[in-house]
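The structure appears below as structure tokens.
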4 protein chains.
Amino acid sequence: MATGETTNGKRKGARAAARPQADSQPRTTRGRKTRERLLSAARTMFESKGFLDTRVSDICDEAGLAHGTFYIYFPTKEDIFYTLVDEVVADRFLLTAVPDDFEGNVADRFAYTLRQYFDEMRRAKDFSRIVEQVATFDEHMRENRMAIRRKFRGRIQHGIERLQQQGAADPDISAELTAEAMVAMINNFAYINLILGERDDLDLDQVVATLTNIWARSLSLDIEKANANDAKRAPKTRKT
Amino acid sequence: MATGETTNGKRKGARAAARPQADSQPRTTRGRKTRERLLSAARTMFESKGFLDTRVSDICDEAGLAHGTFYIYFPTKEDIFYTLVDEVVADRFLLTAVPDDFEGNVADRFAYTLRQYFDEMRRAKDFSRIVEQVATFDEHMRENRMAIRRKFRGRIQHGIERLQQQGAADPDISAELTAEAMVAMINNFAYINLILGERDDLDLDQVVATLTNIWARSLSLDIEKANANDAKRAPKTRKT
Amino acid sequence: MATGETTNGKRKGARAAARPQADSQPRTTRGRKTRERLLSAARTMFESKGFLDTRVSDICDEAGLAHGTFYIYFPTKEDIFYTLVDEVVADRFLLTAVPDDFEGNVADRFAYTLRQYFDEMRRAKDFSRIVEQVATFDEHMRENRMAIRRKFRGRIQHGIERLQQQGAADPDISAELTAEAMVAMINNFAYINLILGERDDLDLDQVVATLTNIWARSLSLDIEKANANDAKRAPKTRKT
Amino acid sequence: MATGETTNGKRKGARAAARPQADSQPRTTRGRKTRERLLSAARTMFESKGFLDTRVSDICDEAGLAHGTFYIYFPTKEDIFYTLVDEVVADRFLLTAVPDDFEGNVADRFAYTLRQYFDEMRRAKDFSRIVEQVATFDEHMRENRMAIRRKFRGRIQHGIERLQQQGAADPDISAELTAEAMVAMINNFAYINLILGERDDLDLDQVVATLTNIWARSLSLDIEKANANDAKRAPKTRKT
DNA sequence: TATGAATGAGGATTCATTCAT
DNA sequence: AATGAATGAATCCTCATTCAT
């Protein structure tokens, strides 16, 4: 025992020490499967009981594994949650990209993106609710959410600025604040109505049309001008 | 998290047994003062540590009272929180009412309300954050929040419908969905920017102007027509 | 929850946070009694099972208290041990002081001190064994032991130096190394024979005589000269 | 700590069930090498983290082997430690033997032995510290230590008795107690100063001289007489 | 009312050891 | 022989809540 070691050494030392190999990638197929089982069970439990009410043992029970097994793969409950988020949510932003061969004007594109986003939210409804929950007390998760939001806002802001440059949108409005407002509107609309499911009877087509309309009007969007520019910018998508 | 779940589950099995008189109004002056001290201490602690991290003993320590004293006044930690919410947040909705003698058109009125709301949010910034946190896992709190939101949305929706009837707003838009979108926009804008303080440098005047503009444009608001009607409806505010 | 709070907040935060009031002095008689019961039970358990094998719950069971009660009074098992050591061992050094009216020469004084020390070791035999155990892995305890040892050695060294100045001891030996050797001899003799009880049949009188003799001879002590000086130094003890 | 207790109790209830062939000598070269790697890794870990803080998995990691491999060679952590002790410490006693052709009187011989012992202690400083640690809670180890000590003491006692018979040492002192005291002095001096390294600046030559002097004086050793006898006893070392 | 001591269910985590491959 | 996944008993510690005074 190195002089200057921790006090007791037995428990304390062990506890403080770097976690063994937890979170390491399993080396065998069996291990990989077990890890998957844990992730799947964790998602099930988080979605049904929430993050706070889910115990590590709940996850293990659900996965049909001993308690100790959990710690071979994940150091804490937080970690398995982060991993889930990365796998489930991370690429959500990418999903909303408009395909290259998309046919339609700038408003159609906005509507398309919106629809993608809403569909994804509906799909991952339960998990998304938990993500929001965790973000209210977990700094790490909050930052994660904010980063995605900033990206999202940046994209909208950038779109507005381009339209302004094209003379297709009111040059006097603040692209930044308007974008911020649009993100707030979209996110919260989805959270309240799709995730919390406050109103299950919503017609998503109508919703998308309404929000797209708000967006267009708030910019005083001139679709003709925008279209003209679009055509010039990406002629390849127009090739017969 | 199954809707209707307990708050956080930690003490699930805890004795929910016969509580003496907890939560009853204290009969003596001294008792009333103690209750106030607890409420004040609770708010301080909730705001600084969050709901989950605040222990009943933290509240008592902050209030300079023995742990047991707490239960004379409140049966659980949740209860003191609800009480606080009722006292702090309850009348938030009322605060946004436009005074009778308000001078200005319908957009000014919207802007005024918005400003009131934002100011209040800024004022109760810390507490509001905790309310949002609790609403993500506490059914009771969530319902509370939704009720306020529904009221808020109803007011906006009603306003839109009236403007439509007056021929001052596009009759083809869905007043309901548009109102829902506006509430989402306003609430989330305030939450992210004022409560979480993502951007502390915001010029509230500009924000209010931007959001009001979005609202107006999304309705294709015709202020002249709206004004005319307003004048007829409430001539008393125009007297002098 | 202050922005920038810890990650999860629920468990982690709590665990990392400053322990509540543990280790505070109990305010009531009942509390003081309970603390005493815990200390007494801890000593019993430590002595019978050793430090490592004693569980906090063992102590509580022995004391007839609930597990949680322990943590009202002591933050960890280490702490209750330190407290015990302070109460049981701390003044061991003082115990070996020779009384003011002691009759006898310098060798008698040495023998007296030795006897005191041995008696005390025998008395606290079981606890002393545990102290030695803990000192092998607990830095805090080790330092505690070393400090006492340094004091002890200092006293012996000082005694040798004085005798050398008086011309009563060989001036050519290293007072420091000789003192160190004497302490090693005394401590280890006591540890092996009295604490571990390797040989229960020891005649302490003979042991004290033997060790005193070794000490005297190793200094080439001249008792006559030492006595003469002693008489001069402390005539009051000689006043008939 | 009840004598005969398990080492540390942690895994008391652990399955002490049928161990396959553990501890058997490996039959292949590869097996022998693996066993060596484990022993070497174990020593490294024990020396750096102490016995209690060293996990079986630490040893395996250090050895670059899978955790399961350990149990092919050693049934428990204790066992690999005992094996190490046997290999590292066992012959320590032998090392202190004075060579046949040693030139010098009886005090020189004592000094030589002492020096050998101190050198060896310094060499195996880290491991020795751990051995002392384990001896405080492991009955098996304690007995091991005591056996060595008894041998050591026996040798010194025997030496004293012979000198007394030769008329070279005070016949009135207890050879047994004096020997016990000398062993205590030597062991503890080495433990505190060489193993714990309380004082790193020690001049070993001076230390050996001082302790040898103490030994000689405590016997009232008459070197001349002792030499004379020595010469008679072992004339062969004088041949040439 | 107020106090503060006592309770004990509850959950996280570790790690020696076994086992299937 | 070697691997590394799986096990689960064991222990620590917290804190909401009750109770005796």
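A note on labels: chains of the structure tokens are A, B, ... as shown, every chain counts residues from 1, and ligands are counted from 1 in their shown order.
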Kindly determine which residues of chain F lie within 9 Å of chain A, considering only C-alpha atoms (C1' of nucleotides), and give the answer as a list of chain:residue names.
->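 That gives F:DG4, F:DA5, F:DA6, F:DT7, F:DG8, F:DC12 for chain F.
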For chain E, which residues have at least one atom within 9 Å of chain D, if we go by only C-alpha atoms (C1' of nucleotides)? Write them as a ChimeraX atom specification, please.
-> /E:15-18
Which RMSD value, in Å, describes how well chain C fits onto chain B when all C-alpha atoms are paired in order and fitted by least squares?
->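 So the superposition leaves a C-alpha RMSD of 6.1 Å.
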Write out as a PyMOL selection string all residues of segment 51-222 of chain B that DSSP puts in helix (DSSP H, G or I) for this structure's backbone.
-> chain B and resi 51-53+56-63+67-73+77-88+92-95+106-123+125-135+139-165+175-195+204-219
Would you kindly report the residues of chain D within 9 Å of chain C, using only C-alpha atoms, as number ranges by chain?
-> D: 1-3, 5-10, 50, 52, 129-130, 132-137, 146, 173-174, 177-178, 180-190, 192, 198, 206-207, 210-211, 213-220
How many Å lie between atom CA of Asp119 of chain A and atom CA of Lys151 of chain A, rounded to one decimal?
->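 So the answer is 19.2 Å.
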Extract, using only C-alpha atoms (C1' of nucleotides), all DNA, RNA and protein residues at most 10 Å from Asn227 of chain A, discarding same-chain residues fewer than 6 positions from it, and format them as a ChimeraX atom specification.
-> /A:104-107,166,168,233
What would the file look like if the residues just selected were written as a compact mmCIF listing (two decimals), in the first residue's frame with C-alpha atoms?
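File produced: result35.txt:
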# COMPACT_ATOMS: atom_id res chain seq x y z
CA GLY A 104 -41.17 21.61 -54.26
CA ASN A 105 -40.66 25.19 -53.29
CA VAL A 106 -39.06 26.55 -50.18
CA ALA A 107 -42.25 26.32 -48.16
CA GLN A 166 -32.72 36.89 -52.23
CA ALA A 168 -37.77 36.81 -50.88
CA ARG A 233 -28.93 27.53 -57.21
Segment 82-87 of chain D environment, 10 Å, only C-alpha atoms (C1' of nucleotides), sequence neighbours closer than 2 positions dropped, as a list in words = Asp23, Leu39, Ser40, Ala42, Arg43, Phe74, Lys77, Glu78, Asp79, Ile80, Val89, Ala90, Asp91, Arg92, Phe127, Ser128, Ile130, Val131, His140, Met141 and Asn144 of chain D
For the residues selected in the previous step, produce a file with N, CA, C and O atoms as a tab-separated table (two decimals), in the first residue's frame.
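As written to disk, part-v7.tsv reads:
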chain	number	residue	atom	x	y	z
D	23	ASP	N	-4.11	-24.35	-7.67
D	23	ASP	CA	-2.95	-24.47	-6.83
D	23	ASP	C	-2.07	-25.67	-7.20
D	23	ASP	O	-1.00	-25.84	-6.66
D	39	LEU	N	2.16	-14.42	-10.24
D	39	LEU	CA	2.87	-14.14	-9.00
D	39	LEU	C	3.56	-12.78	-9.06
D	39	LEU	O	3.50	-11.99	-8.12
D	40	SER	N	4.19	-12.54	-10.19
D	40	SER	CA	4.89	-11.27	-10.33
D	40	SER	C	3.92	-10.09	-10.30
D	40	SER	O	4.16	-9.08	-9.64
D	42	ALA	N	1.01	-10.07	-8.95
D	42	ALA	CA	0.44	-9.98	-7.61
D	42	ALA	C	1.37	-9.19	-6.70
D	42	ALA	O	0.94	-8.30	-5.96
D	43	ARG	N	2.65	-9.50	-6.78
D	43	ARG	CA	3.59	-8.79	-5.93
D	43	ARG	C	3.56	-7.30	-6.25
D	43	ARG	O	3.51	-6.45	-5.34
D	74	PHE	N	-4.59	-20.36	-8.58
D	74	PHE	CA	-4.70	-20.08	-7.14
D	74	PHE	C	-6.15	-20.05	-6.73
D	74	PHE	O	-6.97	-19.40	-7.38
D	77	LYS	N	-7.28	-15.16	-3.26
D	77	LYS	CA	-6.30	-14.09	-3.17
D	77	LYS	C	-5.32	-14.38	-2.04
D	77	LYS	O	-4.13	-14.10	-2.15
D	78	GLU	N	-5.83	-14.93	-0.96
D	78	GLU	CA	-4.96	-15.26	0.17
D	78	GLU	C	-3.87	-16.22	-0.29
D	78	GLU	O	-2.70	-16.08	0.08
D	79	ASP	N	-4.28	-17.19	-1.07
D	79	ASP	CA	-3.33	-18.23	-1.45
D	79	ASP	C	-2.17	-17.70	-2.27
D	79	ASP	O	-1.02	-18.10	-2.06
D	80	ILE	N	-2.47	-16.81	-3.19
D	80	ILE	CA	-1.35	-16.30	-3.98
D	80	ILE	C	-0.44	-15.48	-3.08
D	80	ILE	O	0.78	-15.46	-3.25
D	89	VAL	N	9.91	-14.33	1.34
D	89	VAL	CA	10.33	-14.12	2.72
D	89	VAL	C	10.97	-15.35	3.36
D	89	VAL	O	11.82	-15.24	4.22
D	90	ALA	N	10.52	-16.48	2.88
D	90	ALA	CA	10.86	-17.72	3.57
D	90	ALA	C	12.33	-17.82	3.92
D	90	ALA	O	12.71	-18.10	5.05
D	91	ASP	N	13.17	-17.58	2.95
D	91	ASP	CA	14.59	-17.80	3.19
D	91	ASP	C	15.28	-16.61	3.83
D	91	ASP	O	16.50	-16.57	3.90
D	92	ARG	N	14.47	-15.64	4.22
D	92	ARG	CA	15.07	-14.47	4.84
D	92	ARG	C	15.91	-14.88	6.04
D	92	ARG	O	16.97	-14.35	6.29
D	127	PHE	N	7.22	-5.09	0.17
D	127	PHE	CA	6.53	-6.34	0.41
D	127	PHE	C	6.43	-6.62	1.90
D	127	PHE	O	5.40	-7.09	2.39
D	128	SER	N	7.48	-6.28	2.61
D	128	SER	CA	7.47	-6.51	4.05
D	128	SER	C	6.35	-5.73	4.73
D	128	SER	O	5.71	-6.21	5.66
D	130	ILE	N	3.53	-5.03	3.54
D	130	ILE	CA	2.26	-5.72	3.31
D	130	ILE	C	2.15	-6.98	4.16
D	130	ILE	O	1.10	-7.31	4.69
D	131	VAL	N	3.27	-7.66	4.31
D	131	VAL	CA	3.25	-8.84	5.16
D	131	VAL	C	2.82	-8.46	6.57
D	131	VAL	O	1.99	-9.14	7.18
D	140	HIS	N	-3.27	-17.18	9.73
D	140	HIS	CA	-2.25	-17.99	9.05
D	140	HIS	C	-0.94	-17.20	8.94
D	140	HIS	O	0.15	-17.69	9.26
D	141	MET	N	-1.07	-16.00	8.49
D	141	MET	CA	0.10	-15.15	8.29
D	141	MET	C	0.75	-14.81	9.62
D	141	MET	O	1.97	-14.75	9.75
D	144	ASN	N	2.75	-17.63	10.78
D	144	ASN	CA	3.95	-17.64	9.95
D	144	ASN	C	5.01	-16.68	10.51
D	144	ASN	O	6.17	-17.03	10.70
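You will find atom CA of Phe81 of chain D at 10.8 Å from atom CA of Leu38 of chain D.
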